[in-house]
Amino acid sequence: QALPATPRKWTGKGMVLAVTYLAYATATAARLPYSICKTNLSPDAKNRSPTNPGWAPFTNPDGQVLLGTLDTVFMAAYAAAMPFMGGLADRWNQPIFLSVALVLVGAMLVLFGLAHAFEIHAYWYFVLVTLLGGTA
């Protein structure tokens, strides 16, 4: 006969569920700045100003296409990596795996933002950082 579950056991399971849910929500939300910053990279004509001129190469006439390509690169990398990341997470220590993934996503966002500080205007840089951010 099975022993009755203690309230402490269920409290622990509830905490694990809550922490896992919050960690996954944080990992998902950490990817949102890519889409949020697009309006500053290539503002439309009515939002363009001396304080917000946009960022080359996204201010070119095909800037919206370049931004759309970045979205495609991100989502394709994300979709391609998920089956492999799920398998790796099942074989490794899941909390450490999720922590490393969060740090990598954060690092890619920092690299994306550092393009402004270091005056990086190369499209390949944005593609590479977005690709790595999608796989993290």
# chains A, B, ... in the order shown; residues from 1 in each chain; ligands from 1
>>> select_by_dssp(residues="stretch 7-134 of chain A", states="alpha helix (DSSP H)", output="PDB file with N, CA and C atoms, in the first residue's frame")
ATOM      1  N   PRO A   7       1.837  16.982   2.619  1.00  0.00           N
ATOM      2  CA  PRO A   7       1.728  18.340   2.051  1.00  0.00           C
ATOM      3  C   PRO A   7       3.081  18.899   1.620  1.00  0.00           C
ATOM      4  N   ARG A   8       4.129  18.511   2.343  1.00  0.00           N
ATOM      5  CA  ARG A   8       5.465  19.019   2.001  1.00  0.00           C
ATOM      6  C   ARG A   8       5.898  18.531   0.617  1.00  0.00           C
ATOM      7  N   LYS A   9       5.579  17.279   0.314  1.00  0.00           N
ATOM      8  CA  LYS A   9       5.928  16.726  -0.987  1.00  0.00           C
ATOM      9  C   LYS A   9       5.224  17.508  -2.102  1.00  0.00           C
ATOM     10  N   TRP A  10       3.947  17.802  -1.925  1.00  0.00           N
ATOM     11  CA  TRP A  10       3.198  18.534  -2.936  1.00  0.00           C
ATOM     12  C   TRP A  10       3.652  19.980  -3.026  1.00  0.00           C
ATOM     13  N   THR A  11       4.072  20.554  -1.920  1.00  0.00           N
ATOM     14  CA  THR A  11       4.596  21.914  -1.947  1.00  0.00           C
ATOM     15  C   THR A  11       5.871  21.967  -2.783  1.00  0.00           C
ATOM     16  N   GLY A  12       6.731  20.966  -2.589  1.00  0.00           N
ATOM     17  CA  GLY A  12       7.965  20.900  -3.379  1.00  0.00           C
ATOM     18  C   GLY A  12       7.686  20.750  -4.858  1.00  0.00           C
ATOM     19  N   LYS A  13       6.713  19.898  -5.202  1.00  0.00           N
ATOM     20  CA  LYS A  13       6.365  19.719  -6.611  1.00  0.00           C
ATOM     21  C   LYS A  13       5.780  20.998  -7.192  1.00  0.00           C
ATOM     22  N   GLY A  14       4.982  21.687  -6.411  1.00  0.00           N
ATOM     23  CA  GLY A  14       4.414  22.954  -6.864  1.00  0.00           C
ATOM     24  C   GLY A  14       5.489  24.000  -7.094  1.00  0.00           C
ATOM     25  N   MET A  15       6.468  24.027  -6.219  1.00  0.00           N
ATOM     26  CA  MET A  15       7.581  24.982  -6.382  1.00  0.00           C
ATOM     27  C   MET A  15       8.384  24.665  -7.636  1.00  0.00           C
ATOM     28  N   VAL A  16       8.646  23.395  -7.878  1.00  0.00           N
ATOM     29  CA  VAL A  16       9.381  22.995  -9.074  1.00  0.00           C
ATOM     30  C   VAL A  16       8.608  23.404 -10.322  1.00  0.00           C
ATOM     31  N   LEU A  17       7.299  23.175 -10.327  1.00  0.00           N
ATOM     32  CA  LEU A  17       6.469  23.571 -11.459  1.00  0.00           C
ATOM     33  C   LEU A  17       6.511  25.084 -11.658  1.00  0.00           C
ATOM     34  N   ALA A  18       6.371  25.838 -10.585  1.00  0.00           N
ATOM     35  CA  ALA A  18       6.361  27.301 -10.681  1.00  0.00           C
ATOM     36  C   ALA A  18       7.699  27.839 -11.177  1.00  0.00           C
ATOM     37  N   VAL A  19       8.798  27.334 -10.640  1.00  0.00           N
ATOM     38  CA  VAL A  19      10.125  27.811 -11.050  1.00  0.00           C
ATOM     39  C   VAL A  19      10.392  27.446 -12.511  1.00  0.00           C
ATOM     40  N   THR A  20      10.012  26.240 -12.914  1.00  0.00           N
ATOM     41  CA  THR A  20      10.205  25.823 -14.303  1.00  0.00           C
ATOM     42  C   THR A  20       9.382  26.699 -15.242  1.00  0.00           C
ATOM     43  N   TYR A  21       8.141  26.957 -14.877  1.00  0.00           N
ATOM     44  CA  TYR A  21       7.288  27.803 -15.701  1.00  0.00           C
ATOM     45  C   TYR A  21       7.864  29.215 -15.822  1.00  0.00           C
ATOM     46  N   LEU A  22       8.294  29.785 -14.705  1.00  0.00           N
ATOM     47  CA  LEU A  22       8.872  31.134 -14.740  1.00  0.00           C
ATOM     48  C   LEU A  22      10.162  31.175 -15.548  1.00  0.00           C
ATOM     49  N   ALA A  23      10.982  30.141 -15.429  1.00  0.00           N
ATOM     50  CA  ALA A  23      12.226  30.102 -16.200  1.00  0.00           C
ATOM     51  C   ALA A  23      11.930  30.027 -17.696  1.00  0.00           C
ATOM     52  N   TYR A  24      10.957  29.210 -18.085  1.00  0.00           N
ATOM     53  CA  TYR A  24      10.630  29.104 -19.499  1.00  0.00           C
ATOM     54  C   TYR A  24      10.008  30.400 -20.008  1.00  0.00           C
ATOM     55  N   ALA A  25       9.154  31.013 -19.193  1.00  0.00           N
ATOM     56  CA  ALA A  25       8.560  32.295 -19.583  1.00  0.00           C
ATOM     57  C   ALA A  25       9.636  33.359 -19.744  1.00  0.00           C
ATOM     58  N   THR A  26      10.629  33.344 -18.870  1.00  0.00           N
ATOM     59  CA  THR A  26      11.732  34.293 -18.966  1.00  0.00           C
ATOM     60  C   THR A  26      12.554  34.039 -20.222  1.00  0.00           C
ATOM     61  N   ALA A  27      12.807  32.773 -20.525  1.00  0.00           N
ATOM     62  CA  ALA A  27      13.564  32.438 -21.734  1.00  0.00           C
ATOM     63  C   ALA A  27      12.819  32.887 -22.986  1.00  0.00           C
ATOM     64  N   THR A  28      11.510  32.727 -22.986  1.00  0.00           N
ATOM     65  CA  THR A  28      10.714  33.157 -24.134  1.00  0.00           C
ATOM     66  C   THR A  28      10.681  34.677 -24.221  1.00  0.00           C
ATOM     67  N   ALA A  29      10.498  35.349 -23.096  1.00  0.00           N
ATOM     68  CA  ALA A  29      10.455  36.811 -23.095  1.00  0.00           C
ATOM     69  C   ALA A  29      11.807  37.415 -23.449  1.00  0.00           C
ATOM     70  N   PRO A  33      13.155  41.217 -27.308  1.00  0.00           N
ATOM     71  CA  PRO A  33      13.834  42.454 -27.712  1.00  0.00           C
ATOM     72  C   PRO A  33      14.228  42.507 -29.183  1.00  0.00           C
ATOM     73  N   TYR A  34      14.401  41.368 -29.835  1.00  0.00           N
ATOM     74  CA  TYR A  34      14.701  41.394 -31.266  1.00  0.00           C
ATOM     75  C   TYR A  34      13.582  42.094 -32.021  1.00  0.00           C
ATOM     76  N   SER A  35      12.353  41.743 -31.719  1.00  0.00           N
ATOM     77  CA  SER A  35      11.242  42.358 -32.438  1.00  0.00           C
ATOM     78  C   SER A  35      10.962  43.773 -31.943  1.00  0.00           C
ATOM     79  N   ILE A  36      11.254  44.045 -30.686  1.00  0.00           N
ATOM     80  CA  ILE A  36      11.009  45.371 -30.139  1.00  0.00           C
ATOM     81  C   ILE A  36      11.962  46.404 -30.742  1.00  0.00           C
ATOM     82  N   LYS A  38      13.288  46.496 -33.627  1.00  0.00           N
ATOM     83  CA  LYS A  38      13.169  46.698 -35.072  1.00  0.00           C
ATOM     84  C   LYS A  38      12.644  48.085 -35.426  1.00  0.00           C
ATOM     85  N   THR A  39      11.775  48.640 -34.598  1.00  0.00           N
ATOM     86  CA  THR A  39      11.239  49.963 -34.918  1.00  0.00           C
ATOM     87  C   THR A  39      12.312  51.043 -34.831  1.00  0.00           C
ATOM     88  N   ASN A  40      13.345  50.816 -34.038  1.00  0.00           N
ATOM     89  CA  ASN A  40      14.442  51.787 -33.966  1.00  0.00           C
ATOM     90  C   ASN A  40      15.488  51.546 -35.042  1.00  0.00           C
ATOM     91  N   LEU A  41      15.613  50.321 -35.504  1.00  0.00           N
ATOM     92  CA  LEU A  41      16.580  50.037 -36.562  1.00  0.00           C
ATOM     93  C   LEU A  41      16.131  50.620 -37.890  1.00  0.00           C
ATOM     94  N   GLY A  63      15.284  48.043 -46.378  1.00  0.00           N
ATOM     95  CA  GLY A  63      15.498  47.812 -44.953  1.00  0.00           C
ATOM     96  C   GLY A  63      14.463  46.903 -44.324  1.00  0.00           C
ATOM     97  N   GLN A  64      13.199  47.052 -44.726  1.00  0.00           N
ATOM     98  CA  GLN A  64      12.152  46.192 -44.172  1.00  0.00           C
ATOM     99  C   GLN A  64      12.350  44.736 -44.599  1.00  0.00           C
ATOM    100  N   VAL A  65      12.845  44.537 -45.800  1.00  0.00           N
ATOM    101  CA  VAL A  65      13.132  43.180 -46.273  1.00  0.00           C
ATOM    102  C   VAL A  65      14.267  42.573 -45.455  1.00  0.00           C
ATOM    103  N   LEU A  66      15.288  43.362 -45.163  1.00  0.00           N
ATOM    104  CA  LEU A  66      16.400  42.863 -44.348  1.00  0.00           C
ATOM    105  C   LEU A  66      15.928  42.488 -42.949  1.00  0.00           C
ATOM    106  N   LEU A  67      15.060  43.303 -42.364  1.00  0.00           N
ATOM    107  CA  LEU A  67      14.522  42.985 -41.045  1.00  0.00           C
ATOM    108  C   LEU A  67      13.650  41.739 -41.088  1.00  0.00           C
ATOM    109  N   GLY A  68      12.873  41.591 -42.147  1.00  0.00           N
ATOM    110  CA  GLY A  68      12.063  40.389 -42.310  1.00  0.00           C
ATOM    111  C   GLY A  68      12.926  39.148 -42.455  1.00  0.00           C
ATOM    112  N   THR A  69      14.050  39.299 -43.146  1.00  0.00           N
ATOM    113  CA  THR A  69      14.983  38.182 -43.283  1.00  0.00           C
ATOM    114  C   THR A  69      15.571  37.810 -41.935  1.00  0.00           C
ATOM    115  N   LEU A  70      15.861  38.805 -41.094  1.00  0.00           N
ATOM    116  CA  LEU A  70      16.354  38.508 -39.739  1.00  0.00           C
ATOM    117  C   LEU A  70      15.309  37.725 -38.949  1.00  0.00           C
ATOM    118  N   ASP A  71      14.048  38.101 -39.076  1.00  0.00           N
ATOM    119  CA  ASP A  71      12.987  37.345 -38.401  1.00  0.00           C
ATOM    120  C   ASP A  71      12.953  35.900 -38.882  1.00  0.00           C
ATOM    121  N   THR A  72      13.087  35.729 -40.193  1.00  0.00           N
ATOM    122  CA  THR A  72      13.076  34.383 -40.764  1.00  0.00           C
ATOM    123  C   THR A  72      14.270  33.570 -40.275  1.00  0.00           C
ATOM    124  N   VAL A  73      15.441  34.188 -40.245  1.00  0.00           N
ATOM    125  CA  VAL A  73      16.641  33.502 -39.752  1.00  0.00           C
ATOM    126  C   VAL A  73      16.440  33.078 -38.299  1.00  0.00           C
ATOM    127  N   PHE A  74      15.909  33.972 -37.480  1.00  0.00           N
ATOM    128  CA  PHE A  74      15.703  33.659 -36.068  1.00  0.00           C
ATOM    129  C   PHE A  74      14.734  32.491 -35.897  1.00  0.00           C
ATOM    130  N   MET A  75      13.592  32.567 -36.564  1.00  0.00           N
ATOM    131  CA  MET A  75      12.583  31.525 -36.394  1.00  0.00           C
ATOM    132  C   MET A  75      13.040  30.191 -36.987  1.00  0.00           C
ATOM    133  N   ALA A  76      13.756  30.226 -38.103  1.00  0.00           N
ATOM    134  CA  ALA A  76      14.260  28.983 -38.700  1.00  0.00           C
ATOM    135  C   ALA A  76      15.294  28.336 -37.782  1.00  0.00           C
ATOM    136  N   ALA A  77      16.190  29.146 -37.218  1.00  0.00           N
ATOM    137  CA  ALA A  77      17.187  28.598 -36.292  1.00  0.00           C
ATOM    138  C   ALA A  77      16.516  28.052 -35.043  1.00  0.00           C
ATOM    139  N   TYR A  78      15.536  28.759 -34.536  1.00  0.00           N
ATOM    140  CA  TYR A  78      14.801  28.323 -33.350  1.00  0.00           C
ATOM    141  C   TYR A  78      14.097  26.995 -33.612  1.00  0.00           C
ATOM    142  N   ALA A  79      13.398  26.909 -34.757  1.00  0.00           N
ATOM    143  CA  ALA A  79      12.670  25.686 -35.094  1.00  0.00           C
ATOM    144  C   ALA A  79      13.618  24.521 -35.358  1.00  0.00           C
ATOM    145  N   ALA A  80      14.741  24.776 -35.988  1.00  0.00           N
ATOM    146  CA  ALA A  80      15.693  23.707 -36.290  1.00  0.00           C
ATOM    147  C   ALA A  80      16.396  23.206 -35.036  1.00  0.00           C
ATOM    148  N   ALA A  81      16.634  24.090 -34.081  1.00  0.00           N
ATOM    149  CA  ALA A  81      17.388  23.710 -32.884  1.00  0.00           C
ATOM    150  C   ALA A  81      16.532  23.044 -31.818  1.00  0.00           C
ATOM    151  N   MET A  82      15.240  23.313 -31.785  1.00  0.00           N
ATOM    152  CA  MET A  82      14.398  22.823 -30.692  1.00  0.00           C
ATOM    153  C   MET A  82      14.410  21.306 -30.520  1.00  0.00           C
ATOM    154  N   PRO A  83      14.304  20.492 -31.577  1.00  0.00           N
ATOM    155  CA  PRO A  83      14.353  19.044 -31.346  1.00  0.00           C
ATOM    156  C   PRO A  83      15.678  18.593 -30.712  1.00  0.00           C
ATOM    157  N   PHE A  84      16.758  19.197 -31.150  1.00  0.00           N
ATOM    158  CA  PHE A  84      18.061  18.825 -30.604  1.00  0.00           C
ATOM    159  C   PHE A  84      18.226  19.330 -29.172  1.00  0.00           C
ATOM    160  N   MET A  85      17.754  20.540 -28.918  1.00  0.00           N
ATOM    161  CA  MET A  85      17.865  21.093 -27.565  1.00  0.00           C
ATOM    162  C   MET A  85      17.008  20.301 -26.581  1.00  0.00           C
ATOM    163  N   GLY A  86      15.840  19.852 -27.031  1.00  0.00           N
ATOM    164  CA  GLY A  86      15.002  19.017 -26.166  1.00  0.00           C
ATOM    165  C   GLY A  86      15.695  17.714 -25.810  1.00  0.00           C
ATOM    166  N   GLY A  87      16.335  17.101 -26.799  1.00  0.00           N
ATOM    167  CA  GLY A  87      17.071  15.867 -26.532  1.00  0.00           C
ATOM    168  C   GLY A  87      18.248  16.085 -25.599  1.00  0.00           C
ATOM    169  N   LEU A  88      18.972  17.193 -25.802  1.00  0.00           N
ATOM    170  CA  LEU A  88      20.089  17.501 -24.913  1.00  0.00           C
ATOM    171  C   LEU A  88      19.613  17.782 -23.492  1.00  0.00           C
ATOM    172  N   ALA A  89      18.516  18.502 -23.374  1.00  0.00           N
ATOM    173  CA  ALA A  89      17.996  18.831 -22.046  1.00  0.00           C
ATOM    174  C   ALA A  89      17.552  17.576 -21.304  1.00  0.00           C
ATOM    175  N   ASP A  90      17.049  16.587 -22.034  1.00  0.00           N
ATOM    176  CA  ASP A  90      16.641  15.330 -21.387  1.00  0.00           C
ATOM    177  C   ASP A  90      17.842  14.538 -20.886  1.00  0.00           C
ATOM    178  N   ARG A  91      18.986  14.689 -21.526  1.00  0.00           N
ATOM    179  CA  ARG A  91      20.174  13.923 -21.147  1.00  0.00           C
ATOM    180  C   ARG A  91      21.063  14.641 -20.130  1.00  0.00           C
ATOM    181  N   GLN A  94      18.806  19.471 -16.305  1.00  0.00           N
ATOM    182  CA  GLN A  94      17.901  20.448 -16.902  1.00  0.00           C
ATOM    183  C   GLN A  94      18.023  21.858 -16.333  1.00  0.00           C
ATOM    184  N   PRO A  95      18.132  22.043 -15.012  1.00  0.00           N
ATOM    185  CA  PRO A  95      18.287  23.423 -14.521  1.00  0.00           C
ATOM    186  C   PRO A  95      19.556  24.103 -15.040  1.00  0.00           C
ATOM    187  N   ILE A  96      20.633  23.354 -15.112  1.00  0.00           N
ATOM    188  CA  ILE A  96      21.876  23.937 -15.636  1.00  0.00           C
ATOM    189  C   ILE A  96      21.722  24.226 -17.124  1.00  0.00           C
ATOM    190  N   PHE A  97      21.084  23.320 -17.851  1.00  0.00           N
ATOM    191  CA  PHE A  97      20.870  23.514 -19.286  1.00  0.00           C
ATOM    192  C   PHE A  97      20.048  24.768 -19.539  1.00  0.00           C
ATOM    193  N   LEU A  98      18.977  24.956 -18.784  1.00  0.00           N
ATOM    194  CA  LEU A  98      18.135  26.137 -18.950  1.00  0.00           C
ATOM    195  C   LEU A  98      18.887  27.401 -18.564  1.00  0.00           C
ATOM    196  N   SER A  99      19.706  27.326 -17.520  1.00  0.00           N
ATOM    197  CA  SER A  99      20.496  28.491 -17.109  1.00  0.00           C
ATOM    198  C   SER A  99      21.493  28.884 -18.189  1.00  0.00           C
ATOM    199  N   VAL A 100      22.159  27.905 -18.758  1.00  0.00           N
ATOM    200  CA  VAL A 100      23.121  28.183 -19.822  1.00  0.00           C
ATOM    201  C   VAL A 100      22.404  28.787 -21.032  1.00  0.00           C
ATOM    202  N   ALA A 101      21.222  28.260 -21.365  1.00  0.00           N
ATOM    203  CA  ALA A 101      20.464  28.795 -22.494  1.00  0.00           C
ATOM    204  C   ALA A 101      20.077  30.253 -22.246  1.00  0.00           C
ATOM    205  N   LEU A 102      19.652  30.568 -21.028  1.00  0.00           N
ATOM    206  CA  LEU A 102      19.293  31.947 -20.710  1.00  0.00           C
ATOM    207  C   LEU A 102      20.496  32.876 -20.815  1.00  0.00           C
ATOM    208  N   VAL A 103      21.635  32.419 -20.347  1.00  0.00           N
ATOM    209  CA  VAL A 103      22.850  33.238 -20.429  1.00  0.00           C
ATOM    210  C   VAL A 103      23.240  33.453 -21.896  1.00  0.00           C
ATOM    211  N   LEU A 104      23.126  32.413 -22.711  1.00  0.00           N
ATOM    212  CA  LEU A 104      23.474  32.550 -24.122  1.00  0.00           C
ATOM    213  C   LEU A 104      22.521  33.499 -24.851  1.00  0.00           C
ATOM    214  N   VAL A 105      21.233  33.410 -24.555  1.00  0.00           N
ATOM    215  CA  VAL A 105      20.272  34.333 -25.160  1.00  0.00           C
ATOM    216  C   VAL A 105      20.610  35.763 -24.749  1.00  0.00           C
ATOM    217  N   GLY A 106      20.915  35.952 -23.474  1.00  0.00           N
ATOM    218  CA  GLY A 106      21.305  37.282 -23.003  1.00  0.00           C
ATOM    219  C   GLY A 106      22.565  37.780 -23.676  1.00  0.00           C
ATOM    220  N   ALA A 107      23.524  36.896 -23.862  1.00  0.00           N
ATOM    221  CA  ALA A 107      24.771  37.287 -24.519  1.00  0.00           C
ATOM    222  C   ALA A 107      24.522  37.713 -25.969  1.00  0.00           C
ATOM    223  N   MET A 108      23.637  37.002 -26.661  1.00  0.00           N
ATOM    224  CA  MET A 108      23.335  37.377 -28.047  1.00  0.00           C
ATOM    225  C   MET A 108      22.625  38.726 -28.099  1.00  0.00           C
ATOM    226  N   LEU A 109      21.758  38.990 -27.129  1.00  0.00           N
ATOM    227  CA  LEU A 109      21.094  40.297 -27.093  1.00  0.00           C
ATOM    228  C   LEU A 109      22.097  41.413 -26.815  1.00  0.00           C
ATOM    229  N   VAL A 110      23.061  41.140 -25.947  1.00  0.00           N
ATOM    230  CA  VAL A 110      24.112  42.137 -25.675  1.00  0.00           C
ATOM    231  C   VAL A 110      24.930  42.385 -26.944  1.00  0.00           C
ATOM    232  N   LEU A 111      25.290  41.318 -27.642  1.00  0.00           N
ATOM    233  CA  LEU A 111      26.042  41.481 -28.888  1.00  0.00           C
ATOM    234  C   LEU A 111      25.236  42.258 -29.925  1.00  0.00           C
ATOM    235  N   PHE A 112      23.942  42.017 -29.975  1.00  0.00           N
ATOM    236  CA  PHE A 112      23.080  42.762 -30.890  1.00  0.00           C
ATOM    237  C   PHE A 112      23.112  44.250 -30.543  1.00  0.00           C
ATOM    238  N   GLY A 113      23.034  44.557 -29.261  1.00  0.00           N
ATOM    239  CA  GLY A 113      23.063  45.946 -28.814  1.00  0.00           C
ATOM    240  C   GLY A 113      24.420  46.599 -28.957  1.00  0.00           C
ATOM    241  N   LEU A 114      25.494  45.810 -28.867  1.00  0.00           N
ATOM    242  CA  LEU A 114      26.834  46.365 -28.996  1.00  0.00           C
ATOM    243  C   LEU A 114      27.134  46.860 -30.411  1.00  0.00           C
ATOM    244  N   ALA A 115      26.296  46.492 -31.363  1.00  0.00           N
ATOM    245  CA  ALA A 115      26.485  47.008 -32.723  1.00  0.00           C
ATOM    246  C   ALA A 115      26.423  48.524 -32.718  1.00  0.00           C
ATOM    247  N   HIS A 116      25.610  49.081 -31.855  1.00  0.00           N
ATOM    248  CA  HIS A 116      25.518  50.543 -31.768  1.00  0.00           C
ATOM    249  C   HIS A 116      26.779  51.118 -31.141  1.00  0.00           C
ATOM    250  N   ALA A 117      27.235  50.517 -30.062  1.00  0.00           N
ATOM    251  CA  ALA A 117      28.413  51.038 -29.355  1.00  0.00           C
ATOM    252  C   ALA A 117      29.670  50.962 -30.214  1.00  0.00           C
ATOM    253  N   TYR A 123      25.605  43.714 -42.268  1.00  0.00           N
ATOM    254  CA  TYR A 123      24.394  42.894 -42.168  1.00  0.00           C
ATOM    255  C   TYR A 123      24.720  41.479 -41.724  1.00  0.00           C
ATOM    256  N   TRP A 124      25.836  40.937 -42.169  1.00  0.00           N
ATOM    257  CA  TRP A 124      26.200  39.572 -41.785  1.00  0.00           C
ATOM    258  C   TRP A 124      26.336  39.450 -40.266  1.00  0.00           C
ATOM    259  N   TYR A 125      26.791  40.516 -39.596  1.00  0.00           N
ATOM    260  CA  TYR A 125      26.911  40.498 -38.131  1.00  0.00           C
ATOM    261  C   TYR A 125      25.535  40.296 -37.494  1.00  0.00           C
ATOM    262  N   PHE A 126      24.551  41.034 -37.979  1.00  0.00           N
ATOM    263  CA  PHE A 126      23.201  40.908 -37.436  1.00  0.00           C
ATOM    264  C   PHE A 126      22.613  39.528 -37.720  1.00  0.00           C
ATOM    265  N   VAL A 127      22.888  38.991 -38.915  1.00  0.00           N
ATOM    266  CA  VAL A 127      22.413  37.654 -39.258  1.00  0.00           C
ATOM    267  C   VAL A 127      23.044  36.624 -38.332  1.00  0.00           C
ATOM    268  N   LEU A 128      24.357  36.713 -38.121  1.00  0.00           N
ATOM    269  CA  LEU A 128      25.050  35.752 -37.276  1.00  0.00           C
ATOM    270  C   LEU A 128      24.548  35.787 -35.838  1.00  0.00           C
ATOM    271  N   VAL A 129      24.426  36.983 -35.280  1.00  0.00           N
ATOM    272  CA  VAL A 129      23.969  37.125 -33.895  1.00  0.00           C
ATOM    273  C   VAL A 129      22.525  36.641 -33.765  1.00  0.00           C
ATOM    274  N   THR A 130      21.685  36.942 -34.746  1.00  0.00           N
ATOM    275  CA  THR A 130      20.293  36.492 -34.716  1.00  0.00           C
ATOM    276  C   THR A 130      20.214  34.984 -34.848  1.00  0.00           C
ATOM    277  N   LEU A 131      21.040  34.389 -35.704  1.00  0.00           N
ATOM    278  CA  LEU A 131      21.088  32.938 -35.867  1.00  0.00           C
ATOM    279  C   LEU A 131      21.485  32.266 -34.560  1.00  0.00           C
ATOM    280  N   LEU A 132      22.537  32.764 -33.939  1.00  0.00           N
ATOM    281  CA  LEU A 132      22.990  32.178 -32.664  1.00  0.00           C
ATOM    282  C   LEU A 132      21.959  32.392 -31.569  1.00  0.00           C
ATOM    283  N   GLY A 133      21.287  33.548 -31.578  1.00  0.00           N
ATOM    284  CA  GLY A 133      20.237  33.801 -30.597  1.00  0.00           C
ATOM    285  C   GLY A 133      19.055  32.850 -30.774  1.00  0.00           C
ATOM    286  N   GLY A 134      18.761  32.486 -31.997  1.00  0.00           N
ATOM    287  CA  GLY A 134      17.674  31.549 -32.240  1.00  0.00           C
ATOM    288  C   GLY A 134      17.995  30.130 -31.798  1.00  0.00           C
TER     289      GLY A 134
END
>>> atom_distance(atom1="atom CA of A:Ala122", atom2="atom CA of A:Asn60")
12.9 Å
